[in-house]
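A.B. asks: Sending over a structure as structure tokens; questions will come in a sec.
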Amino acid sequence: MFDKASKPQNRIDSLIGATTRIEGNIIFSGGLRVDGMVRGNVASAADQPGTLVVSSDARIDGEVQASHIVVNGTINELQANSKVKGDVHYKSIEVQQGAVVEGRLVHRGAEAKSVELKLASGG
């Protein structure tokens, strides 16, 4: 999901607007900001650094791969080999076996007293 060797892009080359819905996979280079909805996988071009910004009202239903990802919105798939560095704020979370989160898991619900994580079945 992340590549340590590359640096984040400081510019946005492409924008998926708030009223746009895309069904299909997206491959990008440089910087991509998603304000709308994508039903499909989103990945930076092979062997190229890429920065993906998912805004607060955006949603991606699919696998996401880029060297740098900033998420304020929703990504509905975290694969078994994914690695997340940084704090994850969530209302509901499912993490597959083998995924790594290096940071805090912070629940953002009405009751933040206890957090229950369920191990997703591999498959």
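So you can find residues: chains in the structure tokens are A, B, ... in the order shown, residues in each start at 1, and ligands are numbered from 1 in order.
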Skipping near chain neighbours, those fewer than 5 positions away, what residues fall within 12 Å of Ser29 in chain A using only C-alpha atoms, listed as a list in words?
C.D. replies: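 So the residues in contact are Pro8, Gln9, Arg11, Ile12, Asp13, Ser14, Val42, Ala43, Ser44, Ala45, Ala46, Asp47, Gln48, Pro49, Gly50, Thr51, Leu52, Gln65, Ala66, Ser67 and His68 of chain A.
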A.B. asks: Restrict the selected residues to N, CA and C atoms and save them as a CSV table (one decimal), in the first residue's frame.
C.D. replies:
```csv
chain,number,residue,atom,x,y,z
A,8,PRO,N,6.1,12.4,-0.9
A,8,PRO,CA,4.8,12.8,-1.3
A,8,PRO,C,4.8,13.9,-2.4
A,9,GLN,N,3.8,13.9,-3.2
A,9,GLN,CA,3.7,14.9,-4.3
A,9,GLN,C,3.1,16.2,-3.6
A,11,ARG,N,1.7,18.6,-5.3
A,11,ARG,CA,0.6,19.1,-6.2
A,11,ARG,C,-0.4,18.1,-6.5
A,12,ILE,N,-1.6,18.5,-6.9
A,12,ILE,CA,-2.6,17.7,-7.3
A,12,ILE,C,-2.7,17.8,-8.8
A,13,ASP,N,-2.6,16.7,-9.6
A,13,ASP,CA,-2.6,16.7,-11.0
A,13,ASP,C,-4.0,16.4,-11.5
A,14,SER,N,-4.8,15.6,-10.7
A,14,SER,CA,-6.1,15.2,-11.2
A,14,SER,C,-7.1,15.3,-10.0
A,42,VAL,N,-8.1,2.0,-6.9
A,42,VAL,CA,-7.3,3.2,-7.2
A,42,VAL,C,-5.9,3.0,-6.9
A,43,ALA,N,-5.0,3.1,-7.9
A,43,ALA,CA,-3.6,2.8,-7.7
A,43,ALA,C,-2.7,3.8,-8.5
A,44,SER,N,-1.6,4.2,-7.9
A,44,SER,CA,-0.6,5.0,-8.7
A,44,SER,C,0.1,4.1,-9.7
A,45,ALA,N,0.5,4.7,-10.8
A,45,ALA,CA,1.2,3.9,-11.8
A,45,ALA,C,2.4,3.2,-11.3
A,46,ALA,N,2.7,2.0,-11.8
A,46,ALA,CA,3.8,1.2,-11.4
A,46,ALA,C,5.1,2.0,-11.4
A,47,ASP,N,5.9,1.8,-10.4
A,47,ASP,CA,7.2,2.4,-10.3
A,47,ASP,C,7.2,3.9,-10.3
A,48,GLN,N,6.1,4.5,-10.0
A,48,GLN,CA,6.1,6.0,-10.0
A,48,GLN,C,5.5,6.4,-8.6
A,49,PRO,N,6.0,7.4,-8.0
A,49,PRO,CA,5.5,7.9,-6.7
A,49,PRO,C,4.1,8.5,-7.0
A,50,GLY,N,3.2,8.4,-6.1
A,50,GLY,CA,1.9,8.9,-6.3
A,50,GLY,C,1.3,9.3,-4.9
A,51,THR,N,0.6,10.4,-4.9
A,51,THR,CA,-0.1,10.8,-3.6
A,51,THR,C,-1.6,10.8,-3.9
A,52,LEU,N,-2.3,10.2,-3.0
A,52,LEU,CA,-3.8,10.1,-3.1
A,52,LEU,C,-4.4,10.8,-1.9
A,65,GLN,N,-3.8,1.7,-3.7
A,65,GLN,CA,-2.4,1.5,-3.6
A,65,GLN,C,-1.7,2.8,-4.1
A,66,ALA,N,-0.9,3.4,-3.3
A,66,ALA,CA,-0.1,4.6,-3.6
A,66,ALA,C,1.0,4.7,-2.6
A,67,SER,N,2.0,5.4,-3.0
A,67,SER,CA,3.2,5.6,-2.1
A,67,SER,C,2.8,6.5,-0.9
A,68,HIS,N,1.8,7.4,-1.1
A,68,HIS,CA,1.4,8.3,0.0
A,68,HIS,C,-0.1,8.4,-0.1
```
A.B. asks: Enter the distance from CA of Asn76 in chain A to CA of Arg108 in chain A, in Å, rounded to one decimal.
C.D. replies: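 We find that CA of Asn76 in chain A and CA of Arg108 in chain A lie 16.6 Å from each other.
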A.B. asks: Tell me, in Å to one decimal, how far CA of Val53 in chain A is from CA of Val84 in chain A.
C.D. replies: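 Taking CA of Val53 in chain A and CA of Val84 in chain A, their separation equals 14.6 Å.
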A.B. asks: Would you list, as a PyMOL selection string, the residues of range 56-118 of chain A that end up in strand (DSSP E) under DSSP run on this structure's backbone?
C.D. replies: chain A and resi 59-61+64-65+68-71+74-75+83-85+88-90+94-96+100-102+105-107+118
A.B. asks: From the options A:Ile27, A:Glu63, A:Ala18, A:Lys91, which residue's atoms come nearest to Arg39 in chain A, counting only C-alpha atoms?
C.D. replies: A:Glu63
A.B. asks: Distance CA of Asp35 in chain A-CA of Val100 in chain A, one decimal place?
C.D. replies: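 Spanning CA of Asp35 in chain A to CA of Val100 in chain A is a straight-line distance of 26.5 Å.
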A.B. asks: Smallest atom-to-atom distance to Val101 in chain A: which of A:His89, A:Lys83, A:Arg33, A:Arg59, using only C-alpha atoms?
C.D. replies: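 Distance minimum relative to Val101 in chain A lands on A:Lys83.
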